[in-house]
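Structure file upload02.tsv with TSV, C-alpha atoms:
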chain	number	residue	atom	x	y	z
A	1	MET	CA	0.00	0.00	0.00
A	2	ARG	CA	1.14	3.56	-0.72
A	3	ALA	CA	-0.27	6.40	1.37
A	4	VAL	CA	0.12	10.15	1.29
A	5	VAL	CA	-0.10	11.42	4.87
A	6	ALA	CA	-0.87	15.09	5.53
A	7	LEU	CA	0.22	16.02	9.05
A	8	GLY	CA	-1.66	18.72	10.91
A	9	GLY	CA	-0.10	21.19	13.31
A	10	ASN	CA	-0.80	19.04	16.38
A	11	ALA	CA	1.60	16.43	15.00
A	12	LEU	CA	4.39	19.01	14.71
A	13	SER	CA	4.11	21.05	17.89
A	14	PRO	CA	1.82	21.05	20.95
A	15	VAL	CA	-1.16	23.40	20.95
A	16	GLY	CA	-0.35	26.49	23.01
A	17	GLY	CA	3.36	25.72	23.13
A	18	THR	CA	6.25	28.06	22.47
A	19	GLY	CA	7.25	26.47	19.17
A	20	SER	CA	10.81	25.85	20.30
A	21	ALA	CA	13.01	23.31	18.56
A	22	GLU	CA	12.92	21.17	21.72
A	23	GLU	CA	9.12	21.11	21.68
A	24	MET	CA	9.03	20.19	18.00
A	25	ARG	CA	11.57	17.40	18.48
A	26	ALA	CA	9.48	15.89	21.28
A	27	SER	CA	6.26	16.06	19.24
A	28	LEU	CA	7.91	14.68	16.12
A	29	ARG	CA	9.43	11.77	18.02
A	30	ALA	CA	5.93	10.57	18.98
A	31	THR	CA	4.61	11.30	15.48
A	32	SER	CA	7.47	9.38	13.87
A	33	GLU	CA	6.86	6.32	16.03
A	34	SER	CA	3.27	6.17	14.75
A	35	LEU	CA	4.41	6.55	11.14
A	36	ALA	CA	7.18	3.98	11.60
A	37	ASP	CA	4.48	1.50	12.67
A	38	LEU	CA	3.02	1.87	9.18
A	39	VAL	CA	6.37	1.49	7.41
A	40	GLU	CA	7.02	-1.65	9.45
A	41	ARG	CA	3.76	-3.01	8.03
A	42	ASP	CA	4.90	-2.34	4.44
A	43	VAL	CA	3.04	0.92	3.89
A	44	GLY	CA	4.98	3.21	1.55
A	45	LEU	CA	4.73	6.78	2.84
A	46	VAL	CA	4.84	10.19	1.24
A	47	ILE	CA	4.43	12.83	3.94
A	48	SER	CA	3.22	16.40	3.69
A	49	HIS	CA	2.66	18.82	6.55
A	50	GLY	CA	1.34	22.19	7.59
A	51	ASN	CA	3.53	25.16	8.46
A	52	GLY	CA	1.17	27.86	9.73
A	53	PRO	CA	2.65	28.44	13.20
A	54	GLN	CA	6.21	28.03	11.96
A	55	VAL	CA	5.95	30.47	9.06
A	56	GLY	CA	4.07	32.85	11.37
A	57	ARG	CA	7.05	32.87	13.72
A	58	ILE	CA	9.42	33.46	10.81
A	59	LEU	CA	7.35	36.48	9.77
A	60	LEU	CA	7.32	37.77	13.35
A	61	GLN	CA	11.10	37.37	13.63
A	62	GLN	CA	11.47	39.34	10.40
A	63	GLU	CA	9.27	42.11	11.73
A	64	TYR	CA	11.37	42.52	14.87
A	65	ALA	CA	14.60	42.47	12.87
A	66	ALA	CA	13.43	44.61	9.94
A	67	ASP	CA	15.58	47.60	10.95
A	68	HIS	CA	18.71	45.44	10.78
A	69	VAL	CA	18.07	42.61	8.27
A	70	PRO	CA	16.12	42.86	4.98
A	71	PRO	CA	12.82	40.92	5.25
A	72	MET	CA	12.34	37.98	2.91
A	73	PRO	CA	9.23	37.63	0.69
A	74	MET	CA	6.48	35.13	1.50
A	75	ASP	CA	7.75	32.42	-0.87
A	76	VAL	CA	11.20	32.46	0.72
A	77	CYS	CA	9.64	32.27	4.20
A	78	GLY	CA	7.64	29.26	3.07
A	79	ALA	CA	10.81	27.59	1.81
A	80	GLU	CA	12.51	28.33	5.14
A	81	SER	CA	9.69	26.63	7.03
A	82	GLN	CA	9.82	23.60	4.71
A	83	GLY	CA	13.51	23.18	5.46
A	84	GLN	CA	13.05	23.70	9.20
A	85	ILE	CA	10.20	21.21	9.62
A	86	GLY	CA	11.53	18.76	7.04
A	87	TYR	CA	14.92	18.55	8.74
A	88	LEU	CA	13.42	17.82	12.16
A	89	LEU	CA	10.86	15.38	10.76
A	90	VAL	CA	13.22	13.24	8.67
A	91	GLN	CA	15.70	13.14	11.54
A	92	ALA	CA	12.98	11.81	13.85
A	93	LEU	CA	11.77	9.34	11.21
A	94	ASP	CA	15.25	8.00	10.50
A	95	SER	CA	15.82	7.47	14.21
A	96	ALA	CA	12.52	5.57	14.51
A	97	PHE	CA	13.42	3.41	11.50
A	98	ARG	CA	16.85	2.58	12.92
A	99	ARG	CA	15.40	1.60	16.30
A	100	ARG	CA	13.27	-0.95	14.46
A	101	GLY	CA	16.07	-2.20	12.25
A	102	LEU	CA	14.42	-0.95	9.06
A	103	SER	CA	16.52	-0.18	5.98
A	104	THR	CA	14.09	2.53	4.83
A	105	ARG	CA	15.45	6.06	4.90
A	106	ALA	CA	13.62	9.39	5.04
A	107	LEU	CA	14.49	12.55	3.16
A	108	CYS	CA	13.02	16.02	2.68
A	109	LEU	CA	12.47	17.42	-0.80
A	110	LEU	CA	11.94	21.17	-0.85
A	111	THR	CA	9.02	21.43	-3.24
A	112	GLN	CA	7.76	24.17	-5.54
A	113	VAL	CA	4.13	24.04	-6.63
A	114	VAL	CA	3.11	25.74	-9.86
A	115	VAL	CA	0.01	27.94	-9.68
A	116	ASP	CA	-1.83	29.99	-12.28
A	117	GLY	CA	-0.95	33.67	-12.09
A	118	ARG	CA	-4.52	34.40	-13.29
A	119	ASP	CA	-6.12	32.35	-10.51
A	120	PRO	CA	-9.06	34.39	-9.09
A	121	ALA	CA	-7.54	33.98	-5.63
A	122	PHE	CA	-4.97	36.66	-6.50
A	123	ARG	CA	-7.79	39.20	-6.75
A	124	ARG	CA	-9.26	38.20	-3.37
A	125	PRO	CA	-6.67	37.40	-0.68
A	126	THR	CA	-8.23	35.28	2.08
A	127	LYS	CA	-5.49	33.24	3.77
A	128	PRO	CA	-4.39	34.71	7.14
A	129	VAL	CA	-0.64	34.63	7.80
A	130	GLY	CA	1.58	35.92	10.54
A	131	PRO	CA	0.71	37.57	13.89
A	132	SER	CA	-2.36	39.60	14.78
A	133	TYR	CA	-2.36	43.38	15.27
A	134	SER	CA	-4.48	46.22	16.55
A	135	ARG	CA	-6.11	48.31	13.84
A	136	PRO	CA	-3.56	51.18	14.07
A	137	GLN	CA	-0.67	48.72	13.85
A	138	ALA	CA	-2.20	46.98	10.82
A	139	GLN	CA	-2.83	50.32	9.10
A	140	ARG	CA	0.77	51.41	9.68
A	141	ILE	CA	2.20	48.17	8.28
A	142	ALA	CA	-0.20	48.22	5.32
A	143	HIS	CA	0.89	51.79	4.50
A	144	GLN	CA	4.58	50.84	4.71
A	145	THR	CA	4.43	47.53	2.83
A	146	GLY	CA	1.22	47.41	0.78
A	147	HIS	CA	0.14	44.23	2.60
A	148	VAL	CA	-3.59	43.52	2.83
A	149	PHE	CA	-5.14	43.06	6.29
A	150	THR	CA	-8.57	41.89	7.43
A	151	ILE	CA	-10.30	41.75	10.80
A	152	MET	CA	-10.54	38.38	12.55
A	153	PRO	CA	-13.32	37.05	14.83
A	154	ASP	CA	-11.31	38.17	17.87
A	155	LYS	CA	-11.42	41.75	16.50
A	156	ARG	CA	-7.69	41.73	15.82
A	157	TRP	CA	-6.25	42.29	12.34
A	158	ARG	CA	-4.10	39.85	10.34
A	159	ARG	CA	-2.40	39.98	6.99
A	160	VAL	CA	-4.11	37.93	4.27
A	161	VAL	CA	-2.56	36.55	1.08
A	162	PRO	CA	-4.00	34.72	-1.96
A	163	SER	CA	-4.54	30.96	-1.79
A	164	PRO	CA	-4.45	29.73	-5.42
A	165	LYS	CA	-5.08	26.13	-6.51
A	166	PRO	CA	-2.07	23.84	-6.98
A	167	LEU	CA	-1.51	22.72	-10.58
A	168	ARG	CA	1.67	20.61	-10.55
A	169	PHE	CA	5.05	20.23	-8.85
A	170	VAL	CA	8.35	21.40	-10.29
A	171	GLU	CA	10.22	18.43	-8.76
A	172	GLU	CA	7.88	15.66	-9.95
A	173	THR	CA	10.49	13.44	-11.65
A	174	PRO	CA	13.03	13.24	-8.77
A	175	LEU	CA	10.16	12.87	-6.30
A	176	LEU	CA	8.83	9.81	-8.12
A	177	GLU	CA	12.33	8.31	-8.46
A	178	VAL	CA	12.97	8.48	-4.72
A	179	ILE	CA	9.55	7.00	-3.91
A	180	GLU	CA	10.06	4.12	-6.34
A	181	ALA	CA	13.39	3.40	-4.60
A	182	GLY	CA	11.36	2.56	-1.49
A	183	HIS	CA	12.19	5.51	0.72
A	184	VAL	CA	9.94	7.86	2.69
A	185	VAL	CA	9.77	11.38	1.28
A	186	VAL	CA	8.65	14.53	3.07
A	187	ALA	CA	7.44	16.85	0.31
A	188	ALA	CA	5.26	19.88	-0.41
A	189	GLY	CA	5.34	21.07	3.20
A	190	GLY	CA	2.99	23.95	3.94
A	191	GLY	CA	1.31	23.40	0.57
A	192	GLY	CA	4.62	23.84	-1.29
A	193	VAL	CA	6.33	27.07	-2.32
A	194	PRO	CA	3.94	28.71	-4.83
A	195	VAL	CA	5.56	29.74	-8.12
A	196	VAL	CA	4.32	30.91	-11.50
A	197	GLU	CA	5.90	30.29	-14.88
A	198	HIS	CA	6.83	33.39	-16.85
A	199	ARG	CA	8.85	33.27	-20.08
A	200	ASN	CA	10.27	29.84	-19.23
A	201	GLU	CA	11.33	30.98	-15.80
A	202	LEU	CA	9.88	30.28	-12.35
A	203	ARG	CA	9.05	33.12	-10.00
A	204	GLY	CA	7.84	32.87	-6.42
A	205	VAL	CA	4.63	34.68	-5.49
A	206	GLU	CA	3.18	36.14	-2.30
A	207	ALA	CA	0.66	33.40	-1.65
A	208	VAL	CA	-0.06	30.25	0.38
A	209	VAL	CA	-1.42	27.11	-1.25
A	210	ASP	CA	-3.76	25.09	0.96
A	211	LYS	CA	-1.75	22.16	2.34
A	212	ASP	CA	-4.62	19.67	2.09
A	213	LEU	CA	-5.38	20.47	-1.55
A	214	THR	CA	-1.66	20.11	-2.27
A	215	ALA	CA	-1.64	16.75	-0.48
A	216	ALA	CA	-4.49	15.58	-2.73
A	217	ARG	CA	-2.53	16.67	-5.81
A	218	LEU	CA	0.52	14.85	-4.44
A	219	ALA	CA	-1.53	11.69	-3.83
A	220	ARG	CA	-2.72	11.70	-7.43
A	221	LEU	CA	0.82	12.20	-8.73
A	222	VAL	CA	2.26	9.22	-6.84
A	223	HIS	CA	-0.79	6.99	-7.51
A	224	ALA	CA	-1.45	6.58	-3.80
A	225	ASP	CA	-3.93	3.99	-2.57
A	226	LEU	CA	-4.86	6.26	0.32
A	227	LEU	CA	-4.90	9.96	1.17
A	228	LEU	CA	-4.75	10.27	4.95
A	229	ILE	CA	-5.30	13.68	6.52
A	230	LEU	CA	-4.35	13.72	10.18
A	231	THR	CA	-5.91	16.40	12.33
A	232	ALA	CA	-6.92	17.12	15.94
A	233	VAL	CA	-10.22	15.19	15.88
A	234	ASP	CA	-10.90	11.46	15.61
A	235	LYS	CA	-13.71	11.85	13.07
A	236	VAL	CA	-15.46	14.47	10.99
A	237	ALA	CA	-18.70	15.70	12.58
A	238	THR	CA	-21.85	17.25	11.18
A	239	GLY	CA	-23.58	19.89	13.27
A	240	TYR	CA	-20.24	20.62	14.92
A	241	GLY	CA	-20.57	22.55	18.17
A	242	THR	CA	-24.36	22.14	18.33
A	243	PRO	CA	-26.63	19.73	20.23
A	244	ALA	CA	-27.09	17.89	16.92
A	245	GLU	CA	-23.37	17.15	16.52
A	246	ARG	CA	-22.79	13.68	15.08
A	247	ALA	CA	-19.55	11.89	14.23
A	248	VAL	CA	-19.46	10.50	10.69
A	249	ASP	CA	-17.82	7.16	9.87
A	250	ARG	CA	-18.14	7.23	6.09
A	251	LEU	CA	-19.12	9.62	3.30
A	252	THR	CA	-19.50	9.14	-0.41
A	253	VAL	CA	-18.20	11.84	-2.73
A	254	ALA	CA	-21.78	12.90	-3.49
A	255	GLU	CA	-22.66	13.16	0.20
A	256	ALA	CA	-19.49	15.11	0.97
A	257	LYS	CA	-20.18	17.55	-1.87
A	258	ARG	CA	-23.73	18.08	-0.65
A	259	LEU	CA	-22.57	18.82	2.90
A	260	LEU	CA	-19.85	21.17	1.62
A	261	ALA	CA	-22.40	23.08	-0.46
A	262	ALA	CA	-24.67	23.34	2.58
A	263	GLY	CA	-21.88	25.00	4.57
A	264	GLU	CA	-21.58	22.10	6.98
A	265	PHE	CA	-17.77	22.24	6.94
A	266	PRO	CA	-16.25	25.71	7.54
A	267	GLU	CA	-13.79	27.10	4.99
A	268	GLY	CA	-11.20	27.85	7.65
A	269	SER	CA	-11.09	24.40	9.25
A	270	MET	CA	-12.66	21.15	8.01
A	271	GLY	CA	-13.80	22.45	4.60
A	272	PRO	CA	-10.45	22.22	2.75
A	273	LYS	CA	-9.83	18.75	4.20
A	274	ILE	CA	-13.15	17.44	2.88
A	275	GLU	CA	-12.56	19.18	-0.46
A	276	ALA	CA	-9.12	17.58	-0.75
A	277	CYS	CA	-10.52	14.12	-0.04
A	278	VAL	CA	-13.27	14.64	-2.61
A	279	ASP	CA	-10.74	15.81	-5.22
A	280	PHE	CA	-8.56	12.73	-4.69
A	281	VAL	CA	-11.35	10.16	-4.74
A	282	ALA	CA	-13.25	11.82	-7.60
A	283	ALA	CA	-10.04	11.70	-9.67
A	284	GLY	CA	-9.81	7.93	-9.23
A	285	GLY	CA	-8.21	7.51	-5.81
A	286	SER	CA	-9.41	4.48	-3.86
A	287	ARG	CA	-10.22	6.21	-0.59
A	288	ALA	CA	-9.38	9.11	1.67
A	289	VAL	CA	-9.54	9.23	5.46
A	290	ILE	CA	-9.60	12.09	7.96
A	291	ALA	CA	-8.46	10.96	11.40
A	292	SER	CA	-6.34	11.80	14.44
A	293	LEU	CA	-2.71	10.82	14.81
A	294	GLU	CA	-3.63	8.63	17.78
A	295	HIS	CA	-5.72	6.41	15.51
A	296	VAL	CA	-3.46	6.40	12.46
A	297	THR	CA	-3.08	2.60	12.24
A	298	ASP	CA	-6.84	2.04	12.45
A	299	ALA	CA	-7.35	4.76	9.84
A	300	VAL	CA	-5.04	3.01	7.38
A	301	PHE	CA	-6.19	-0.55	7.92
A	302	GLY	CA	-9.88	0.12	8.55
A	303	GLY	CA	-12.14	1.26	11.35
A	304	GLY	CA	-10.65	4.62	12.27
A	305	GLY	CA	-11.49	8.15	11.25
A	306	THR	CA	-13.97	9.29	8.61
A	307	GLU	CA	-13.60	7.55	5.25
A	308	ILE	CA	-14.51	9.22	1.94
A	309	VAL	CA	-15.18	6.84	-0.94
A	310	ALA	CA	-16.53	7.11	-4.48
A	311	HIS	CA	-19.84	5.40	-3.72
A	312	ASP	CA	-21.44	2.82	-1.42

Let me see the file written as structure tokens.
Amino acid sequence: MRAVVALGGNALSPVGGTGSAEEMRASLRATSESLADLVERDVGLVISHGNGPQVGRILLQQEYAADHVPPMPMDVCGAESQGQIGYLLVQALDSAFRRRGLSTRALCLLTQVVVDGRDPAFRRPTKPVGPSYSRPQAQRIAHQTGHVFTIMPDKRWRRVVPSPKPLRFVEETPLLEVIEAGHVVVAAGGGGVPVVEHRNELRGVEAVVDKDLTAARLARLVHADLLLILTAVDKVATGYGTPAERAVDRLTVAEAKRLLAAGEFPEGSMGPKIEACVDFVAAGGSRAVIASLEHVTDAVFGGGGTEIVAHD
């Protein structure tokens, strides 16, 4: 079996933590043990991950140091976070493999994802990035940089950037070669570094590609048997946060589309995960599962999480 696993933030760093390297190492050690269980059972893994808190800290560090060090653009910050998380993750994975006597190795491939420069998302930035600010602070930064800000539910202001759809990966050929050699690859972290093609050249853009949609694209590329999205909850729920809340074991593509259209899954949380699963299965993938890290083995081999399939 070959599975693409999309790791959520809880697998990388504890909720409410400081985000220190020590914290990340501890979290990734536990995460890697769960993933090594799968490799030991002959599951070929391609791993993707989020980077929201990490890239947010990079942006905050840049803000504090802006008077002394030139700030880097969003695409470079995304690449920095891919390297940071990828290094710590493959180190933890390799250690877990060695403890089990496995010959499999793990490596990180810094990945660029091609997007369409005419994607409508560039006209309507919606993806929050970086820290939150008071209104006067946001106005000052917007005036100095041209960044776009929007108010959040907590009445604070955050920068927003476009979130275009992923089209393909620049590094597809070497990625496939490494996977076929039987190794575990960490790729397209944080949705990949978004680039556009212009006159036969690649150019990074100020944007963030949704990590779950990128994971679905990655799963199609590598002909995965399973797209597994790991998050903070054991199962998807309808009526979330209401007295009618109900955990869902299984959805068909048609049912998932109907619930998405009805607004059952919010755009800022479960919505992109459901959309990614639908994209993968509708394009011919066998199945997709949304589950928690604690139930990863059950999710792969049956009985855990919420499964999305083509039809009953």

Checklist entry - Within 8 Å of (-3.0, 41.5, 7.0), in the coordinates the file gives, what residues turn up when you count only C-alpha atoms, written out as a ChimeraX atom specification? => result /A:128-129,138,142,147-150,157-161

Atoms to include: C-alpha atoms. Write the selected residues as a short mmCIF file (atom, residue, chain, number, x, y, z; two decimals), keeping the file's coordinate frame.
data_model
loop_
_atom_site.label_atom_id
_atom_site.label_comp_id
_atom_site.auth_asym_id
_atom_site.auth_seq_id
_atom_site.Cartn_x
_atom_site.Cartn_y
_atom_site.Cartn_z
CA PRO A 128 -4.39 34.71 7.14
CA VAL A 129 -0.64 34.63 7.80
CA ALA A 138 -2.20 46.98 10.82
CA ALA A 142 -0.20 48.22 5.32
CA HIS A 147 0.14 44.23 2.60
CA VAL A 148 -3.59 43.52 2.83
CA PHE A 149 -5.14 43.06 6.29
CA THR A 150 -8.57 41.89 7.43
CA TRP A 157 -6.25 42.29 12.34
CA ARG A 158 -4.10 39.85 10.34
CA ARG A 159 -2.40 39.98 6.99
CA VAL A 160 -4.11 37.93 4.27
CA VAL A 161 -2.56 36.55 1.08
#

Checklist entry - Near region 5-20 of chain A, counting only C-alpha atoms, which residues have an atom at most 9 Å away, once you skip same-chain residues fewer than 5 positions from it, shown as a ChimeraX atom specification? => result /A:25-28,30-31,45-54,57,85,89,189,211-212,215,219,226-232,293

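Atom to atom, CA of Met270 (chain A) and CA of Lys127 (chain A) stand 14.7 Å apart.
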
Next on the checklist: Tell me which residues come within 6 Å of (-17.7, 11.4, -0.3), as an NGL selection string, counting all atoms listed in the file in the file's coordinates.
Outcome noted: :A and (251-256 or 278 or 308-309)

Next on the checklist: Ranking A:Ala36, A:Val222, A:Val281, A:Ala291 by minimum distance to Arg99 (chain A) and counting all atoms listed in the file, which one comes first?
Outcome noted: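 Using all atoms listed in the file, Arg99 (chain A) sits closest to A:Ala36.
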
Checklist entry - Could you name the residues that touch Leu59 (chain A) at 9 Å or less, counting all atoms listed in the file, but leaving out those on the same chain fewer than 6 positions away, as a PyMOL selection string? => result chain A and resi 71-72+74+77+129-131

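We find CA of Pro272 (chain A) and CA of Leu213 (chain A) to be spaced 6.9 Å apart.
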
Item to check | Test item: residues at most 9 Å from Leu176 (chain A), all atoms listed in the file, excluding those fewer than 5 positions along its chain, as a PyMOL selection string | outcome: chain A and resi 171+181+221-222

Mind writing the picked residues with C-alpha atoms as a PDB file, keeping the file's coordinate frame?
ATOM      1  CA  GLU A 171      10.220  18.430  -8.760  1.00  0.00           C
ATOM      2  CA  ALA A 181      13.390   3.400  -4.600  1.00  0.00           C
ATOM      3  CA  LEU A 221       0.820  12.200  -8.730  1.00  0.00           C
ATOM      4  CA  VAL A 222       2.260   9.220  -6.840  1.00  0.00           C
TER       5      VAL A 222
END

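Across A:Asn200, A:Lys165, A:Pro153, A:Val289, the tightest approach to Gly268 (chain A) is made by A:Pro153 when counting all atoms listed in the file.
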
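Using only C-alpha atoms for every distance, the candidate list A:Ala79, A:Leu60, A:Ala3, A:Ala288 yields A:Ala288 as the residue closest to Gly304 (chain A).
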
Next on the checklist: With distances taken over all atoms listed in the file, which residue among A:Leu109, A:Val233, A:Met152, A:Val184 lies nearest Glu294 (chain A)?
Outcome noted: A:Val233

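Pairwise distance (CA of Asp225 (chain A), CA of Arg2 (chain A)) equals 5.4 Å.
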
Checklist entry - If we count only C-alpha atoms, what is near Pro166 (chain A) at a cut-off of 9 Å, once residues fewer than 4 positions away on the same chain are taken out, given as number ranges by chain? => result A: 113-116, 191-192, 194, 209-210, 213-214, 217

Checklist entry - Which one of A:Leu35, A:Ala121, A:Val69, A:Ala237 sits closest to Glu206 (chain A) if you count only C-alpha atoms? => result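 Closest residue, counting only C-alpha atoms: A:Ala121.
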
Checklist entry - From the list A:Gly101, A:Pro174, A:Gly56, A:Pro70, which residue is nearest Ser132 (chain A) when using only C-alpha atoms? => result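 So, comparing all the options, the nearest one is A:Gly56.
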
Can I get region 274-295 of chain A with N, CA and C atoms filled in, as a PDB file, in the coordinates of the input?
ATOM      1  N   ILE A 274     -12.113  18.191   3.607  1.00  0.00           N
ATOM      2  CA  ILE A 274     -13.150  17.440   2.880  1.00  0.00           C
ATOM      3  C   ILE A 274     -12.985  17.649   1.383  1.00  0.00           C
ATOM      4  N   GLU A 275     -12.738  18.889   0.968  1.00  0.00           N
ATOM      5  CA  GLU A 275     -12.560  19.180  -0.460  1.00  0.00           C
ATOM      6  C   GLU A 275     -11.390  18.395  -1.039  1.00  0.00           C
ATOM      7  N   ALA A 276     -10.287  18.323  -0.291  1.00  0.00           N
ATOM      8  CA  ALA A 276      -9.120  17.580  -0.750  1.00  0.00           C
ATOM      9  C   ALA A 276      -9.434  16.099  -0.915  1.00  0.00           C
ATOM     10  N   CYS A 277     -10.144  15.534   0.045  1.00  0.00           N
ATOM     11  CA  CYS A 277     -10.520  14.120  -0.040  1.00  0.00           C
ATOM     12  C   CYS A 277     -11.423  13.868  -1.238  1.00  0.00           C
ATOM     13  N   VAL A 278     -12.371  14.769  -1.460  1.00  0.00           N
ATOM     14  CA  VAL A 278     -13.270  14.640  -2.610  1.00  0.00           C
ATOM     15  C   VAL A 278     -12.482  14.713  -3.911  1.00  0.00           C
ATOM     16  N   ASP A 279     -11.548  15.662  -4.004  1.00  0.00           N
ATOM     17  CA  ASP A 279     -10.740  15.810  -5.220  1.00  0.00           C
ATOM     18  C   ASP A 279      -9.979  14.519  -5.518  1.00  0.00           C
ATOM     19  N   PHE A 280      -9.365  13.938  -4.497  1.00  0.00           N
ATOM     20  CA  PHE A 280      -8.560  12.730  -4.690  1.00  0.00           C
ATOM     21  C   PHE A 280      -9.415  11.553  -5.127  1.00  0.00           C
ATOM     22  N   VAL A 281     -10.511  11.320  -4.428  1.00  0.00           N
ATOM     23  CA  VAL A 281     -11.350  10.160  -4.740  1.00  0.00           C
ATOM     24  C   VAL A 281     -12.067  10.349  -6.073  1.00  0.00           C
ATOM     25  N   ALA A 282     -12.555  11.555  -6.337  1.00  0.00           N
ATOM     26  CA  ALA A 282     -13.250  11.820  -7.600  1.00  0.00           C
ATOM     27  C   ALA A 282     -12.323  11.656  -8.799  1.00  0.00           C
ATOM     28  N   ALA A 283     -11.010  11.853  -8.580  1.00  0.00           N
ATOM     29  CA  ALA A 283     -10.040  11.700  -9.670  1.00  0.00           C
ATOM     30  C   ALA A 283      -9.566  10.257  -9.834  1.00  0.00           C
ATOM     31  N   GLY A 284     -10.157   9.342  -9.070  1.00  0.00           N
ATOM     32  CA  GLY A 284      -9.810   7.930  -9.230  1.00  0.00           C
ATOM     33  C   GLY A 284      -9.113   7.299  -8.044  1.00  0.00           C
ATOM     34  N   GLY A 285      -8.838   8.074  -7.000  1.00  0.00           N
ATOM     35  CA  GLY A 285      -8.210   7.510  -5.810  1.00  0.00           C
ATOM     36  C   GLY A 285      -9.142   6.538  -5.109  1.00  0.00           C
ATOM     37  N   SER A 286      -8.581   5.522  -4.496  1.00  0.00           N
ATOM     38  CA  SER A 286      -9.410   4.480  -3.860  1.00  0.00           C
ATOM     39  C   SER A 286     -10.205   5.029  -2.689  1.00  0.00           C
ATOM     40  N   ARG A 287      -9.522   5.677  -1.757  1.00  0.00           N
ATOM     41  CA  ARG A 287     -10.220   6.210  -0.590  1.00  0.00           C
ATOM     42  C   ARG A 287      -9.367   7.261   0.089  1.00  0.00           C
ATOM     43  N   ALA A 288     -10.044   8.082   0.866  1.00  0.00           N
ATOM     44  CA  ALA A 288      -9.380   9.110   1.670  1.00  0.00           C
ATOM     45  C   ALA A 288      -9.950   9.019   3.071  1.00  0.00           C
ATOM     46  N   VAL A 289      -9.117   9.319   4.062  1.00  0.00           N
ATOM     47  CA  VAL A 289      -9.540   9.230   5.460  1.00  0.00           C
ATOM     48  C   VAL A 289      -9.065  10.470   6.205  1.00  0.00           C
ATOM     49  N   ILE A 290      -9.943  11.012   7.033  1.00  0.00           N
ATOM     50  CA  ILE A 290      -9.600  12.090   7.960  1.00  0.00           C
ATOM     51  C   ILE A 290      -9.646  11.496   9.355  1.00  0.00           C
ATOM     52  N   ALA A 291      -8.545  11.598  10.092  1.00  0.00           N
ATOM     53  CA  ALA A 291      -8.460  10.960  11.400  1.00  0.00           C
ATOM     54  C   ALA A 291      -7.462  11.704  12.273  1.00  0.00           C
ATOM     55  N   SER A 292      -7.339  11.259  13.523  1.00  0.00           N
ATOM     56  CA  SER A 292      -6.340  11.800  14.440  1.00  0.00           C
ATOM     57  C   SER A 292      -5.085  10.950  14.389  1.00  0.00           C
ATOM     58  N   LEU A 293      -3.972  11.539  14.789  1.00  0.00           N
ATOM     59  CA  LEU A 293      -2.710  10.820  14.810  1.00  0.00           C
ATOM     60  C   LEU A 293      -2.786   9.600  15.730  1.00  0.00           C
ATOM     61  N   GLU A 294      -3.530   9.729  16.816  1.00  0.00           N
ATOM     62  CA  GLU A 294      -3.630   8.630  17.780  1.00  0.00           C
ATOM     63  C   GLU A 294      -4.260   7.379  17.182  1.00  0.00           C
ATOM     64  N   HIS A 295      -5.037   7.540  16.128  1.00  0.00           N
ATOM     65  CA  HIS A 295      -5.720   6.410  15.510  1.00  0.00           C
ATOM     66  C   HIS A 295      -5.244   6.157  14.084  1.00  0.00           C
TER      67      HIS A 295
END
